[in-house]
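Text of upload_26.cif (mmCIF, C-alpha atoms and all ligand atoms) as supplied:
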```cif
data_model
#
loop_
_atom_site.label_atom_id
_atom_site.label_comp_id
_atom_site.auth_asym_id
_atom_site.auth_seq_id
_atom_site.Cartn_x
_atom_site.Cartn_y
_atom_site.Cartn_z
CA MET A 13 -11.09 58.13 8.11
CA GLN A 14 -12.71 54.73 8.36
CA LYS A 15 -10.75 53.51 5.34
CA THR A 16 -7.44 54.58 6.88
CA PHE A 17 -8.34 52.82 10.12
CA LEU A 18 -9.20 49.61 8.27
CA LEU A 19 -5.94 49.80 6.34
CA ILE A 20 -3.95 50.12 9.58
CA VAL A 21 -5.78 47.17 11.10
CA LEU A 22 -5.06 45.09 8.01
CA LEU A 23 -1.39 46.10 8.02
CA ILE A 24 -0.96 45.23 11.70
CA SER A 25 -2.58 41.83 11.26
CA ALA A 26 -0.45 41.10 8.17
CA MET A 27 2.73 42.04 10.07
CA GLY A 28 1.64 39.79 12.90
CA ASN A 29 1.37 36.87 10.47
CA VAL A 30 4.89 37.47 9.20
CA SER A 31 6.66 37.95 12.49
CA GLN A 32 4.91 35.31 14.63
CA ALA A 33 6.05 31.75 14.00
CA GLN A 34 3.15 29.31 13.91
CA SER A 35 3.44 26.55 16.47
CA TYR A 36 3.52 23.03 15.05
CA SER A 37 3.97 19.65 16.71
CA LEU A 38 6.42 18.62 13.97
CA VAL A 39 8.16 20.27 11.04
CA ILE A 40 10.10 18.20 8.49
CA LYS A 41 12.52 20.53 6.76
CA ASN A 42 14.52 20.44 3.51
CA GLY A 43 13.29 17.03 2.32
CA HIS A 44 12.51 16.18 -1.28
CA VAL A 45 8.75 15.75 -1.10
CA ILE A 46 7.17 13.24 -3.48
CA ASP A 47 3.38 13.43 -3.29
CA PRO A 48 2.03 12.06 -6.59
CA LYS A 49 -1.60 12.88 -5.82
CA ASN A 50 -0.72 16.57 -5.54
CA ASN A 51 1.93 16.52 -8.29
CA ILE A 52 4.65 17.54 -5.85
CA ASP A 53 8.21 16.43 -6.65
CA ALA A 54 10.41 19.13 -5.10
CA VAL A 55 12.29 20.21 -1.99
CA MET A 56 9.65 21.39 0.48
CA ASP A 57 8.97 21.63 4.20
CA VAL A 58 6.06 19.76 5.78
CA ALA A 59 4.36 20.92 8.99
CA VAL A 60 2.14 18.81 11.24
CA GLN A 61 -0.32 19.94 13.91
CA ASP A 62 -3.09 18.07 15.77
CA GLY A 63 -2.20 14.84 13.95
CA LYS A 64 -2.87 16.41 10.55
CA ILE A 65 -0.86 17.88 7.70
CA ALA A 66 -0.91 21.61 8.49
CA ARG A 67 1.23 23.03 5.70
CA VAL A 68 3.45 22.02 2.79
CA ALA A 69 5.57 24.91 1.51
CA GLU A 70 9.03 25.92 0.40
CA HIS A 71 9.91 27.47 3.72
CA ILE A 72 8.11 26.88 7.00
CA ASN A 73 9.32 28.61 10.14
CA ALA A 74 10.05 25.86 12.67
CA ASP A 75 11.07 28.08 15.61
CA GLN A 76 7.97 27.18 17.61
CA ALA A 77 7.76 23.52 16.56
CA ALA A 78 7.83 20.85 19.29
CA GLN A 79 9.94 18.56 17.07
CA VAL A 80 12.00 19.35 13.99
CA VAL A 81 13.48 16.94 11.47
CA ASP A 82 16.16 17.95 8.99
CA ALA A 83 15.46 15.71 5.99
CA GLN A 84 18.08 17.19 3.69
CA GLY A 85 19.10 14.61 1.09
CA MET A 86 16.06 12.45 1.94
CA TYR A 87 12.68 11.81 0.35
CA VAL A 88 9.51 12.72 2.20
CA THR A 89 6.45 10.82 1.01
CA PRO A 90 2.96 9.90 2.19
CA GLY A 91 2.97 6.86 4.50
CA LEU A 92 2.95 3.75 2.33
CA VAL A 93 -0.28 1.79 1.77
CA ASP A 94 0.30 -1.96 1.37
CA ILE A 95 -2.96 -3.54 0.21
CA HIS A 96 -1.87 -7.18 0.28
CA THR A 97 -0.63 -8.44 3.66
CA HIS A 98 -1.43 -11.24 6.12
CA VAL A 99 -1.49 -10.02 9.69
CA PHE A 100 -4.15 -12.05 11.50
CA THR A 101 -1.54 -13.10 14.04
CA SER A 102 -3.22 -16.13 15.58
CA MET A 103 -4.72 -17.51 12.36
CA ARG A 104 -1.64 -18.72 10.51
CA GLY A 105 1.19 -17.59 12.76
CA ASP A 106 1.84 -14.44 10.72
CA PRO A 107 3.54 -11.70 12.74
CA SER A 108 1.71 -8.64 14.00
CA PRO A 109 1.82 -5.74 11.54
CA ASP A 110 3.66 -3.14 13.65
CA GLY A 111 6.84 -5.22 13.66
CA TYR A 112 7.08 -4.99 9.90
CA THR A 113 5.13 -1.97 8.72
CA LEU A 114 6.41 1.02 10.66
CA GLN A 115 10.12 0.39 10.09
CA ASN A 116 9.43 0.27 6.34
CA GLY A 117 7.35 3.43 6.04
CA ILE A 118 4.01 1.61 5.87
CA THR A 119 1.26 3.36 7.83
CA THR A 120 -1.71 1.48 6.35
CA CYS A 121 -1.95 -2.19 5.47
CA ALA A 122 -4.87 -4.25 4.26
CA ASP A 123 -5.08 -7.90 5.25
CA ALA A 124 -5.93 -9.88 2.12
CA GLY A 125 -8.52 -12.38 3.25
CA THR A 126 -6.86 -14.07 6.20
CA SER A 127 -10.20 -13.62 7.94
CA GLY A 128 -13.67 -14.30 6.58
CA TRP A 129 -16.97 -13.00 7.94
CA ARG A 130 -17.00 -15.55 10.78
CA SER A 131 -13.43 -14.93 11.96
CA PHE A 132 -13.37 -11.16 11.35
CA PRO A 133 -14.55 -10.24 14.89
CA ALA A 134 -11.58 -12.14 16.38
CA PHE A 135 -9.20 -10.48 13.88
CA LYS A 136 -10.54 -7.07 14.79
CA LYS A 137 -10.23 -7.68 18.53
CA GLU A 138 -6.78 -9.32 18.40
CA VAL A 139 -5.03 -7.22 15.78
CA ILE A 140 -6.91 -4.33 14.18
CA ASP A 141 -7.90 -2.62 17.45
CA LYS A 142 -4.43 -3.11 18.95
CA SER A 143 -2.16 -1.99 16.11
CA GLN A 144 -0.49 1.37 15.66
CA THR A 145 -0.61 0.66 11.94
CA ARG A 146 -3.98 1.35 10.35
CA VAL A 147 -5.13 -2.20 9.54
CA LEU A 148 -7.89 -2.63 6.95
CA ALA A 149 -9.24 -5.91 5.61
CA PHE A 150 -10.43 -7.79 2.58
CA LEU A 151 -12.84 -10.45 3.88
CA ASN A 152 -12.24 -13.92 2.48
CA ILE A 153 -15.33 -15.23 0.68
CA ILE A 154 -14.73 -18.35 2.78
CA GLY A 155 -16.47 -17.55 6.09
CA GLY A 156 -13.73 -19.19 8.15
CA GLY A 157 -10.93 -17.41 6.28
CA MET A 158 -7.53 -18.91 5.46
CA ARG A 159 -7.52 -21.86 7.84
CA GLY A 160 -5.74 -24.11 5.37
CA SER A 161 -6.07 -24.80 1.68
CA TYR A 162 -8.70 -27.54 1.92
CA PHE A 163 -11.05 -25.26 3.89
CA GLU A 164 -10.73 -22.83 1.00
CA GLN A 165 -12.26 -25.39 -1.39
CA ASP A 166 -15.63 -25.50 0.39
CA PRO A 167 -18.36 -23.78 -1.69
CA GLY A 168 -20.68 -24.37 1.29
CA ASP A 169 -18.67 -21.78 3.26
CA MET A 170 -18.96 -19.08 0.57
CA ASP A 171 -21.79 -16.85 1.72
CA PRO A 172 -22.08 -13.56 -0.21
CA THR A 173 -24.94 -12.31 1.97
CA MET A 174 -23.15 -12.74 5.31
CA THR A 175 -19.86 -11.50 3.85
CA ALA A 176 -21.56 -8.33 2.61
CA LEU A 177 -23.39 -7.91 5.90
CA VAL A 178 -20.16 -7.93 7.92
CA ALA A 179 -18.46 -5.74 5.31
CA LYS A 180 -21.21 -3.15 5.62
CA ARG A 181 -21.26 -3.36 9.40
CA TYR A 182 -17.49 -2.56 9.45
CA ARG A 183 -17.49 -0.22 6.48
CA ASN A 184 -14.50 1.78 7.73
CA ILE A 185 -12.31 -1.33 8.05
CA VAL A 186 -13.48 -3.79 5.41
CA VAL A 187 -12.33 -2.56 2.01
CA GLY A 188 -13.03 -5.56 -0.20
CA VAL A 189 -13.66 -9.28 -0.64
CA LYS A 190 -10.87 -11.79 -1.31
CA THR A 191 -10.81 -15.13 -3.01
CA ALA A 192 -7.69 -17.29 -3.06
CA HIS A 193 -6.33 -20.73 -3.84
CA TYR A 194 -9.61 -22.14 -5.16
CA GLU A 195 -9.04 -25.21 -7.32
CA GLY A 196 -12.52 -25.56 -8.78
CA GLY A 197 -14.26 -23.51 -11.47
CA TRP A 198 -15.73 -20.02 -11.20
CA THR A 199 -17.69 -20.52 -7.95
CA ALA A 200 -15.24 -18.69 -5.67
CA VAL A 201 -14.76 -15.70 -7.97
CA ASP A 202 -18.47 -15.38 -8.69
CA SER A 203 -19.41 -15.65 -5.00
CA ALA A 204 -16.80 -13.00 -4.12
CA VAL A 205 -18.10 -10.67 -6.84
CA ALA A 206 -21.69 -11.26 -5.62
CA ALA A 207 -20.60 -10.20 -2.12
CA GLY A 208 -18.68 -7.26 -3.57
CA LYS A 209 -21.79 -6.09 -5.43
CA LEU A 210 -23.98 -6.37 -2.32
CA ALA A 211 -21.51 -4.36 -0.21
CA GLY A 212 -20.34 -1.98 -2.95
CA ILE A 213 -16.67 -2.92 -2.56
CA PRO A 214 -13.99 -4.38 -4.85
CA VAL A 215 -12.87 -8.00 -5.04
CA MET A 216 -9.23 -9.10 -4.91
CA VAL A 217 -8.48 -12.34 -6.74
CA ASP A 218 -5.57 -14.68 -6.07
CA PHE A 219 -6.38 -16.70 -9.15
CA GLY A 220 -4.96 -20.11 -8.95
CA GLY A 221 -5.27 -23.77 -8.52
CA ALA A 222 -7.50 -24.91 -11.36
CA ASN A 223 -6.02 -27.58 -13.62
CA PRO A 224 -6.04 -26.85 -16.51
CA PRO A 225 -5.89 -23.11 -15.64
CA LEU A 226 -9.00 -21.03 -16.20
CA SER A 227 -8.88 -18.27 -18.81
CA ILE A 228 -7.77 -14.91 -17.41
CA ARG A 229 -9.44 -13.20 -20.38
CA SER A 230 -12.71 -14.66 -19.19
CA LEU A 231 -11.85 -13.65 -15.61
CA PHE A 232 -11.25 -10.01 -16.60
CA PHE A 233 -14.16 -9.58 -19.03
CA ASP A 234 -16.85 -12.08 -17.98
CA HIS A 235 -16.46 -12.32 -14.21
CA LEU A 236 -14.74 -9.27 -12.66
CA ARG A 237 -15.97 -5.69 -12.66
CA PRO A 238 -13.84 -2.63 -13.40
CA GLY A 239 -12.10 -1.79 -10.11
CA ASP A 240 -11.66 -5.44 -9.10
CA ILE A 241 -8.07 -6.41 -8.31
CA PHE A 242 -5.96 -9.12 -9.94
CA THR A 243 -3.16 -9.69 -7.42
CA HIS A 244 0.07 -11.69 -8.04
CA CYS A 245 0.13 -10.18 -11.53
CA PHE A 246 3.77 -11.23 -12.16
CA ALA A 247 3.37 -14.84 -10.99
CA GLN A 248 4.64 -17.56 -13.29
CA LEU A 249 2.99 -20.65 -11.85
CA GLY A 250 1.77 -23.71 -13.69
CA SER A 251 -1.72 -23.41 -12.27
CA ARG A 252 -2.34 -19.94 -13.67
CA GLU A 253 -2.41 -18.32 -17.09
CA PHE A 254 0.25 -15.55 -17.30
CA ILE A 255 -0.44 -11.97 -18.37
CA LEU A 256 2.72 -12.20 -20.48
CA ASP A 257 3.00 -14.16 -23.70
CA THR A 258 6.27 -15.93 -22.86
CA ALA A 259 6.88 -16.83 -26.53
CA THR A 260 7.00 -13.19 -27.65
CA GLY A 261 7.88 -11.54 -24.32
CA LYS A 262 4.91 -9.19 -24.80
CA ILE A 263 1.89 -8.49 -22.64
CA LYS A 264 -1.18 -10.20 -24.09
CA PRO A 265 -3.34 -7.69 -26.01
CA PHE A 266 -6.46 -8.35 -23.93
CA VAL A 267 -4.50 -7.55 -20.74
CA TRP A 268 -3.92 -3.99 -22.00
CA GLU A 269 -7.65 -3.79 -22.77
CA ALA A 270 -8.55 -5.09 -19.31
CA GLN A 271 -6.29 -2.55 -17.57
CA LYS A 272 -7.76 0.25 -19.67
CA ARG A 273 -11.25 -0.93 -18.76
CA GLY A 274 -10.40 -0.76 -15.04
CA THR A 275 -9.04 -4.14 -13.96
CA ILE A 276 -6.45 -3.41 -11.27
CA PHE A 277 -3.13 -5.25 -11.59
CA ASP A 278 -1.49 -5.57 -8.18
CA VAL A 279 1.96 -7.04 -7.50
CA GLY A 280 1.24 -9.10 -4.33
CA TYR A 281 4.89 -10.22 -4.33
CA GLY A 282 4.57 -13.16 -1.89
CA GLY A 283 6.64 -16.32 -1.66
CA ILE A 284 6.38 -17.63 -5.21
CA SER A 285 4.08 -15.07 -6.79
CA PHE A 286 6.65 -12.77 -8.40
CA ALA A 287 9.07 -13.86 -11.12
CA PHE A 288 11.53 -11.53 -12.85
CA SER A 289 10.91 -13.65 -15.98
CA GLN A 290 7.41 -12.08 -16.06
CA ALA A 291 8.13 -8.64 -14.62
CA ILE A 292 11.20 -7.66 -16.69
CA PRO A 293 9.67 -8.30 -20.14
CA ALA A 294 6.37 -6.77 -18.95
CA MET A 295 8.14 -3.60 -17.81
CA LYS A 296 10.14 -3.48 -21.08
CA ASP A 297 6.86 -3.73 -22.96
CA GLY A 298 5.66 -0.65 -21.07
CA PHE A 299 3.28 -2.46 -18.71
CA ARG A 300 2.96 -0.97 -15.21
CA PRO A 301 1.21 -2.66 -12.28
CA ASN A 302 -1.39 -0.33 -10.77
CA SER A 303 -0.16 -1.01 -7.25
CA ILE A 304 2.90 -2.53 -5.58
CA SER A 305 2.15 -4.72 -2.54
CA THR A 306 4.05 -7.36 -0.60
CA ASP A 307 1.71 -10.26 0.28
CA TYR A 308 3.68 -10.13 3.50
CA HIS A 309 3.45 -13.34 5.53
CA LYS A 310 5.67 -15.51 7.71
CA GLY A 311 6.81 -17.53 4.69
CA ASP A 312 8.16 -14.72 2.50
CA MET A 313 9.48 -12.03 4.85
CA ASN A 314 12.87 -13.74 5.19
CA ALA A 315 12.98 -15.13 1.66
CA ALA A 316 13.06 -13.24 -1.67
CA MET A 317 10.41 -10.65 -0.73
CA LYS A 318 11.84 -9.37 2.62
CA ASN A 319 9.89 -6.10 2.86
CA ILE A 320 8.12 -3.50 0.75
CA LEU A 321 11.32 -1.50 0.26
CA ASN A 322 13.05 -4.50 -1.34
CA VAL A 323 10.07 -4.90 -3.66
CA MET A 324 10.15 -1.17 -4.51
CA ASP A 325 13.93 -1.40 -5.14
CA LYS A 326 13.28 -4.15 -7.69
CA PHE A 327 10.92 -1.87 -9.62
CA LEU A 328 13.48 0.96 -9.50
CA ILE A 329 16.08 -1.41 -10.99
CA MET A 330 13.61 -2.50 -13.68
CA GLY A 331 13.32 1.13 -14.76
CA MET A 332 10.36 2.59 -12.88
CA ASP A 333 11.28 6.04 -11.55
CA LEU A 334 10.94 6.86 -7.85
CA PRO A 335 7.84 9.12 -8.11
CA ASP A 336 6.13 6.34 -10.07
CA VAL A 337 7.11 3.74 -7.44
CA ILE A 338 5.79 6.06 -4.71
CA ARG A 339 2.52 6.61 -6.63
CA ARG A 340 2.01 2.84 -6.81
CA THR A 341 2.63 2.43 -3.06
CA THR A 342 0.54 5.43 -1.89
CA TRP A 343 -2.16 7.19 -3.92
CA ASN A 344 -2.95 4.37 -6.34
CA PRO A 345 -3.61 1.68 -3.69
CA ALA A 346 -5.53 4.23 -1.55
CA GLN A 347 -7.89 4.81 -4.48
CA GLU A 348 -8.18 1.08 -5.20
CA ILE A 349 -9.55 0.47 -1.69
CA ASN A 350 -11.73 3.61 -1.80
CA HIS A 351 -9.82 5.38 0.99
CA LYS A 352 -9.10 8.62 -0.80
CA GLU A 353 -8.16 10.33 2.46
CA LEU A 354 -4.98 8.18 2.46
CA GLY A 355 -1.82 8.14 0.38
CA HIS A 356 -1.17 11.88 0.07
CA LEU A 357 -0.01 14.94 1.99
CA THR A 358 -2.88 17.35 1.36
CA VAL A 359 -3.38 19.96 4.11
CA GLY A 360 -6.01 18.69 6.53
CA VAL A 361 -5.57 14.93 6.05
CA GLY A 362 -4.15 12.68 8.78
CA ALA A 363 -0.36 13.08 8.96
CA ASP A 364 0.92 9.68 7.86
CA VAL A 365 4.39 10.38 6.47
CA ALA A 366 7.46 8.34 5.53
CA ILE A 367 11.03 9.56 5.10
CA PHE A 368 13.43 7.55 2.92
CA LYS A 369 17.03 7.64 1.82
CA LEU A 370 18.43 6.10 -1.35
CA ILE A 371 21.62 4.45 -0.10
CA PRO A 372 24.44 3.95 -2.63
CA GLY A 373 26.38 0.67 -2.64
CA ASN A 374 26.53 -2.77 -4.20
CA PHE A 375 23.33 -4.69 -3.66
CA GLY A 376 21.73 -7.88 -4.94
CA PHE A 377 18.04 -8.49 -5.60
CA PHE A 378 16.67 -11.94 -6.34
CA ASP A 379 13.38 -13.70 -6.87
CA TYR A 380 12.32 -17.15 -5.61
CA THR A 381 13.68 -18.87 -8.72
CA GLY A 382 17.18 -17.62 -7.84
CA TYR A 383 17.32 -15.05 -10.66
CA ARG A 384 19.50 -12.21 -9.35
CA ILE A 385 20.04 -8.59 -10.39
CA GLU A 386 22.73 -6.27 -9.05
CA GLY A 387 21.90 -2.69 -8.18
CA LYS A 388 23.73 0.42 -7.04
CA GLU A 389 21.15 1.84 -4.67
CA LYS A 390 18.42 0.82 -2.31
CA LEU A 391 15.75 2.49 -0.25
CA GLU A 392 16.11 2.79 3.49
CA CYS A 393 13.37 4.07 5.77
CA GLU A 394 14.65 6.86 8.04
CA MET A 395 11.42 7.78 9.74
CA THR A 396 7.73 6.97 9.90
CA VAL A 397 5.06 9.32 11.20
CA ARG A 398 1.62 7.90 11.98
CA ALA A 399 -1.27 10.27 12.76
CA GLY A 400 1.23 13.06 13.41
CA LYS A 401 3.47 11.12 15.79
CA ILE A 402 6.96 9.84 15.06
CA VAL A 403 6.63 6.05 15.44
CA TYR A 404 9.99 5.07 13.92
CA ASP A 405 13.26 7.01 13.76
CA LEU A 406 16.21 4.93 12.47
CA ASN A 407 19.06 7.35 13.25
CA GLY A 408 17.45 9.65 15.77
CA ILE A 409 17.16 12.56 13.37
CA ALA A 410 14.24 14.16 15.22
CA LYS A 411 15.12 17.07 17.49
CA PRO A 412 14.47 16.28 20.24
CA VAL A 413 14.56 12.49 19.81
CA VAL A 414 11.32 11.41 21.46
CA LEU A 415 9.15 8.49 20.43
CA PRO A 416 5.60 7.89 21.73
CA ASN A 417 6.56 4.85 23.83
CA GLN A 418 9.23 6.97 25.53
CA ARG A 419 6.52 9.39 26.56
CA GLY A 420 4.86 6.47 28.33
CA GLU A 421 1.97 6.31 25.87
ZN ZN B 1 -1.83 -13.31 0.01
#
```
What is this structure when it is put down as structure tokens?
Amino acid sequence: MQKTFLLIVLLISAMGNVSQAQSYSLVIKNGHVIDPKNNIDAVMDVAVQDGKIARVAEHINADQAAQVVDAQGMYVTPGLVDIHTHVFTSMRGDPSPDGYTLQNGITTCADAGTSGWRSFPAFKKEVIDKSQTRVLAFLNIIGGGMRGSYFEQDPGDMDPTMTALVAKRYRNIVVGVKTAHYEGGWTAVDSAVAAGKLAGIPVMVDFGGANPPLSIRSLFFDHLRPGDIFTHCFAQLGSREFILDTATGKIKPFVWEAQKRGTIFDVGYGGISFAFSQAIPAMKDGFRPNSISTDYHKGDMNAAMKNILNVMDKFLIMGMDLPDVIRRTTWNPAQEINHKELGHLTVGVGADVAIFKLIPGNFGFFDYTGYRIEGKEKLECEMTVRAGKIVYDLNGIAKPVVLPNQRGE
């Protein structure tokens, strides 16, 4: 008798689950989901509730959803994570992040050392606390940050103890230590690594300036730790040793070893820090940068770099497939900055989502040297969702079309 009763109760509750549509704040239907962390590369629906990913499945009933998006023919990915940007608005005149990030699918950006430990409080107050984009930061080993190149030559303003102290105090925001543009010997790198060790965070190196150039083999094996980041990896500048042997067109053997050992190779595209003459042979040789970032600043956004999608397009043209490009703009950079809650669409994580289209046409892609490649497709961002809310909708594909600012938020 009891068993029969239990069975009936179970049956009724199961039927209830089938017939009652779950209510969601947003359901994105019919999109091709690419979520490298979870090995998803298939047409799926994505449901969002309470700012979090609620479900990813082949069919999700959207009858009770507050907003529905039909993403048929589009790619649905985790919100992009750009770990090399410059967004300390008042410091160098770089624009605020929201004007650039959200319309390109970026939901998290890390500022790469525009502020140091002394200027970080102002950066936090002016930009980080006010942005819709999640803004994280590498602290410059120079306490005053990037105030101009001669300030960056001052070993007296490289304080590992204070840098680590501020990094630890703002553990959720500060993800690493940056050194850039230093023209002397190893002082800047070694001070940055000392700070990184004290705070337990990685170092990002913009290695440049010394004449003659310092050895990158020594940088990778004698100075950096596994997990430290070599940005501008496809730069071809006179002041820096290249990762490519330009005589043979092959990646130098010790670079493979360094990557295997854990050195992170990051694109950091920038104004003059990416040359096809490095990237094309490197890609042909089978080399892959660990992460693709922009080095977004006021000087490159209207030049060869433009935006992260243009940089991603260039890697697609050079033969990287789309899931691989998405991996290197989501889950890989999230791991590099030790924010493993970012860069994927696992149920329960914050719902940062991007929706892209690959647009067919005739397009040109060039680097700062004027080298130009033609391509037949490019990425376009259709929609960006940050913490469960639609913050960018290019063609008004949400039903109903409502953005947060229209709700008076
Ligand atoms: Zn930079």
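Compared by their closest atoms to Val337 of chain A, and using all atoms listed in the file, the residues A:Tyr308, A:Ile409, A:Pro301, A:Ile385 rank with A:Pro301 nearest.
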| query | Contacts of segment 128-144 of chain A at 9 Å or less, counting only C-alpha atoms, minus same-chain residues fewer than 5 places along, as a ChimeraX atom specification? | reply | /A:99-103,108-110,114,119,149-158,171,174-179,185,189-190,398,403
| message | List the spatial neighbours of segment 276-288 of chain A as number ranges by chain - criterion: any atom at most 9 Å away, all atoms listed in the file, same-chain residues fewer than 3 positions off excluded. | response | A: 95-97, 216, 218, 238-249, 270-271, 291-293, 300-309, 311-313, 315-317, 323, 345, 348, 378-381, 383-384
| said: Between A:Ala122, A:Ala74, A:Ala222, A:Ile338, which residue has the minimum interatomic distance to ligand ZN 1 (chain B), considering only C-alpha atoms and all ligand atoms? | reply: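 Checking each of A:Ala122, A:Ala74, A:Ala222, A:Ile338 against ligand ZN 1 (chain B), counting only C-alpha atoms and all ligand atoms, the winner is A:Ala122.
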Padding 8 Å on every side, please: axis-aligned box over the listed atoms of segment 210-228 of chain A, centre and edge lengths to one decimal in Å, as JSON.
```
{"center_x": -14.5, "center_y": -14.8, "center_z": -9.5, "size_x": 35.0, "size_y": 41.6, "size_z": 34.6}
```
Within 7 Å of file point (18.6, 8.6, 2.9), counting all atoms listed in the file, expressed as a compact mmCIF listing (two decimals) with C-alpha atoms, in the coordinates of the input:
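Saved as part_9.txt:
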```
# COMPACT_ATOMS: atom_id res chain seq x y z
CA GLY A 85 19.10 14.61 1.09
CA MET A 86 16.06 12.45 1.94
CA PHE A 368 13.43 7.55 2.92
CA LYS A 369 17.03 7.64 1.82
CA LEU A 370 18.43 6.10 -1.35
CA ILE A 371 21.62 4.45 -0.10
CA GLU A 392 16.11 2.79 3.49
CA GLU A 394 14.65 6.86 8.04
```
| field | A:Glu386, A:Asp257, A:Asp82, A:Glu269 ranked by distance to Met330 of chain A, top pick (using all atoms listed in the file) | value |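 Comparing A:Glu386, A:Asp257, A:Asp82, A:Glu269 against Met330 of chain A, the winner is A:Glu386.
With atom CA of Asn223 of chain A on one side and atom CA of Glu195 of chain A on the other, the separation reads 7.4 Å.
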| field | Coordinates-based distance that separates atom CA of Leu38 of chain A from atom CA of Lys411 of chain A (Å, one decimal) | value |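 Distance between the two atoms: 9.5 Å.
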| Shell of 8 Å around Asp325 of chain A, only C-alpha atoms, local chain residues under 2 positions omitted, as a PyMOL selection string | chain A and resi 321-323+327-329+389-391
| query | Any idea what the distance is between atom CA of Lys388 of chain A and atom CA of Tyr87 of chain A? | reply | 17.5 Å
| Selection: 9 Å around Leu226 of chain A, all atoms listed in the file, excl. self and same-chain fewer than 5 positions, as a list in words | Gly197, Trp198, Phe219, Gly220, Gly221, Leu231, Ser251, Arg252 and Glu253 of chain A
| field | Shortest interatomic distance to ligand ZN 1 (chain B) - which of A:Ala294, A:Ala124, A:Ala59, A:Ala83, counting all atoms listed in the file | value |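 Checking each candidate against ligand ZN 1 (chain B), we get A:Ala124 as the closest.
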| Closest of A:Met56, A:Gln34, A:Lys310, A:Val365 to ligand ZN 1 (chain B) - atom-to-atom distances counting all atoms listed in the file |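 Of A:Met56, A:Gln34, A:Lys310, A:Val365, the one nearest ligand ZN 1 (chain B), counting all atoms listed in the file, is A:Lys310.
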| task | Can you pull out every residue within 7 Å of Asn116 of chain A, counting all atoms listed in the file, but drop anything in the same chain fewer than 3 positions away, and send it as a VMD selection string? | result | chain A and resid 112 to 113 320 to 321 393
| said: From the options A:Val93, A:Ile65, A:Val217, A:Val80, which residue's atoms come nearest to ligand ZN 1 (chain B), counting all atoms listed in the file? | reply: A:Val217
Taking the block just given, write segment 190-231 of chain A to a file that holds C-alpha atoms, as a JSON list (two decimals), in the first residue's frame.
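Full text of out-v5.json as output:
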```
[["chain", "number", "residue", "atom", "x", "y", "z"],
["A", 190, "LYS", "CA", 52.90, 44.21, -14.98],
["A", 191, "THR", "CA", 56.22, 45.49, -16.18],
["A", 192, "ALA", "CA", 56.55, 47.42, -19.43],
["A", 193, "HIS", "CA", 58.87, 49.55, -21.52],
["A", 194, "TYR", "CA", 61.87, 49.25, -19.19],
["A", 195, "GLU", "CA", 65.11, 50.09, -20.98],
["A", 196, "GLY", "CA", 67.56, 48.89, -18.35],
["A", 197, "GLY", "CA", 68.56, 45.36, -17.36],
["A", 198, "TRP", "CA", 66.58, 42.82, -15.35],
["A", 199, "THR", "CA", 65.54, 45.13, -12.47],
["A", 200, "ALA", "CA", 61.94, 45.68, -13.62],
["A", 201, "VAL", "CA", 61.24, 42.01, -14.39],
["A", 202, "ASP", "CA", 62.85, 40.80, -11.17],
["A", 203, "SER", "CA", 61.00, 43.38, -9.05],
["A", 204, "ALA", "CA", 57.70, 42.41, -10.70],
["A", 205, "VAL", "CA", 58.37, 38.71, -10.08],
["A", 206, "ALA", "CA", 59.29, 39.49, -6.45],
["A", 207, "ALA", "CA", 55.92, 41.24, -6.04],
["A", 208, "GLY", "CA", 54.18, 38.37, -7.84],
["A", 209, "LYS", "CA", 55.74, 35.86, -5.44],
["A", 210, "LEU", "CA", 54.72, 37.89, -2.38],
["A", 211, "ALA", "CA", 51.11, 38.19, -3.58],
["A", 212, "GLY", "CA", 50.85, 34.76, -5.23],
["A", 213, "ILE", "CA", 49.88, 36.19, -8.63],
["A", 214, "PRO", "CA", 51.36, 36.04, -12.15],
["A", 215, "VAL", "CA", 53.50, 38.68, -13.84],
["A", 216, "MET", "CA", 52.82, 40.04, -17.32],
["A", 217, "VAL", "CA", 55.89, 41.24, -19.18],
["A", 218, "ASP", "CA", 55.97, 43.77, -22.01],
["A", 219, "PHE", "CA", 59.60, 43.04, -22.69],
["A", 220, "GLY", "CA", 61.25, 45.83, -24.48],
["A", 221, "GLY", "CA", 63.53, 48.73, -24.65],
["A", 222, "ALA", "CA", 66.95, 47.33, -23.78],
["A", 223, "ASN", "CA", 69.66, 47.93, -26.38],
["A", 224, "PRO", "CA", 71.04, 45.43, -27.27],
["A", 225, "PRO", "CA", 67.91, 43.34, -26.48],
["A", 226, "LEU", "CA", 68.02, 41.05, -23.47],
["A", 227, "SER", "CA", 67.80, 37.30, -24.05],
["A", 228, "ILE", "CA", 64.24, 35.96, -24.03],
["A", 229, "ARG", "CA", 65.62, 32.49, -23.26],
["A", 230, "SER", "CA", 67.03, 33.92, -20.06],
["A", 231, "LEU", "CA", 63.73, 35.73, -19.43]]
```
